[in-house]
Amino acid sequence: MNQFILLFFLLCAFSLCAVAGMNTKRIALPYLHSQSGLSQFVQLVDKNSDHRPLIQLIDDYQQMDAMTFYRHYNQKLQLDDCFDESEYAEEIEDGEDYLALMMIFFLQEDNQLLQLDWKGEEEEYQTVHFINRILRDYFHQNDAVNAQSVEQAMQPDDDILVLLKIVDRKLKARGYRLVNFDTGSDQYYIGVFPEPTARKLEQQKVNQLEITIVSRFED
């Protein structure tokens, strides 16, 4: 009888451990993500309803060593455009924090953000085409910004920042804003968001990242 009782308790203990293991696996990423203080930022910045890919990147950045992370994400994020493997690992070892930059690269590769050089657009109407695609795909708005009207508002010597401010004003009239994610480089990483979301993004405290509605830039 004692053997049967012992077997019964062992089976119960095994079942409880298995259930606990399944629950841990299911909630691990959201829990780590919440603990990182980035939960609200991800919900605001990631327009996809499924935030798990971005959460996975955050978790991998926190859990993997620098070399492993670089090799795992190099192709997806095109990291070798900015660092070689040894340079990246050395800078991480020296205390550099590139999590914000990795998130921005992720959103850019996911076509949620547009990268622009300070020298100007690579293609004519690149910014307007990007904005209208975002408005159409995520917010069900069609051709909210007219490329010709933007062009007419510009002077021949106007730079890319003037263009972005003109576009932001046109978006504001429709309830949206153009937001820049400043990583400390000479690149603009811009995204389109409803104005309430844009204002909340400006209030986010993300290490190594400054978030600003474009029209607030100083000339």
# chains A, B, ... in the order shown; residues from 1 in each chain; ligands from 1

$ residues_around --residues "segment 111-115 of chain A" --least-positions-apart "3" --cutoff "6 Å" --atoms "only C-alpha atoms" --output "list in words"
Leu107, Gln108, Tyr188, Tyr189, Ile190 and Gly191 of chain A

$ write_last_selection --atoms "N, CA and C atoms" --output "tab-separated table (two decimals), in the first residue's frame"
chain	number	residue	atom	x	y	z
A	107	LEU	N	12.77	47.28	-37.16
A	107	LEU	CA	11.58	47.96	-37.68
A	107	LEU	C	11.81	48.47	-39.10
A	108	GLN	N	13.03	48.86	-39.39
A	108	GLN	CA	13.35	49.28	-40.76
A	108	GLN	C	13.26	48.10	-41.72
A	188	TYR	N	18.24	59.57	-40.69
A	188	TYR	CA	16.90	59.70	-40.13
A	188	TYR	C	16.22	58.34	-40.23
A	189	TYR	N	15.56	57.95	-39.15
A	189	TYR	CA	14.70	56.76	-39.17
A	189	TYR	C	13.30	57.25	-38.83
A	190	ILE	N	12.45	57.34	-39.85
A	190	ILE	CA	11.16	57.99	-39.66
A	190	ILE	C	10.03	56.98	-39.75
A	191	GLY	N	8.98	57.28	-39.00
A	191	GLY	CA	7.78	56.46	-39.02
A	191	GLY	C	6.54	57.33	-38.92

$ select_by_dssp --residues "segment 2-215 of chain A" --states "strand (DSSP E or B)" --output "ChimeraX atom specification"
/A:114-117,120,176-182,187-194,206,209-213

$ residues_around --residues "Arg177 of chain A" --least-positions-apart "2" --cutoff "8 Å" --atoms "only C-alpha atoms" --output "list in words"
Asp168, Arg169, Leu171, Lys172, Gly175, Val179, Val192, Phe193, Pro194, Glu195, Ala198, Ile213 and Val214 of chain A

$ atom_distance --atom1 "atom CA of Thr68 of chain A" --atom2 "atom CA of Glu210 of chain A"
27.4 Å

$ select_by_dssp --residues "segment 4-213 of chain A" --states "alpha helix (DSSP H)" --output "ChimeraX atom specification"
/A:4-35,39-45,52-63,66-77,85-93,99-109,126-139,147-152,160-172,195-202

$ closest_residue --among "A:Asp137, A:Leu101, A:Val128, A:Asn48" --to "Asp182 of chain A" --atoms "only C-alpha atoms"
A:Leu101

$ residues_around --residues "segment 156-165 of chain A" --least-positions-apart "4" --cutoff "8 Å" --atoms "only C-alpha atoms" --output "list in words"
Trp118, Lys119, Gly120, Glu121, Val150, Arg169, Leu178, Val214 and Ser215 of chain A

$ residues_around --residues "segment 69-84 of chain A" --least-positions-apart "4" --cutoff "10 Å" --atoms "only C-alpha atoms" --output "VMD selection string"
chain A and resid 57 60 to 65 88 to 89 91 102 to 110

$ atom_distance --atom1 "atom CA of Thr183 of chain A" --atom2 "atom CA of Tyr98 of chain A"
9.4 Å

$ closest_residue --among "A:Phe139, A:Phe181, A:Thr197, A:Glu123" --to "Ile211 of chain A" --atoms "only C-alpha atoms"
A:Phe181

$ atom_distance --atom1 "atom CA of Gln155 of chain A" --atom2 "atom CA of Tyr125 of chain A"
15.2 Å
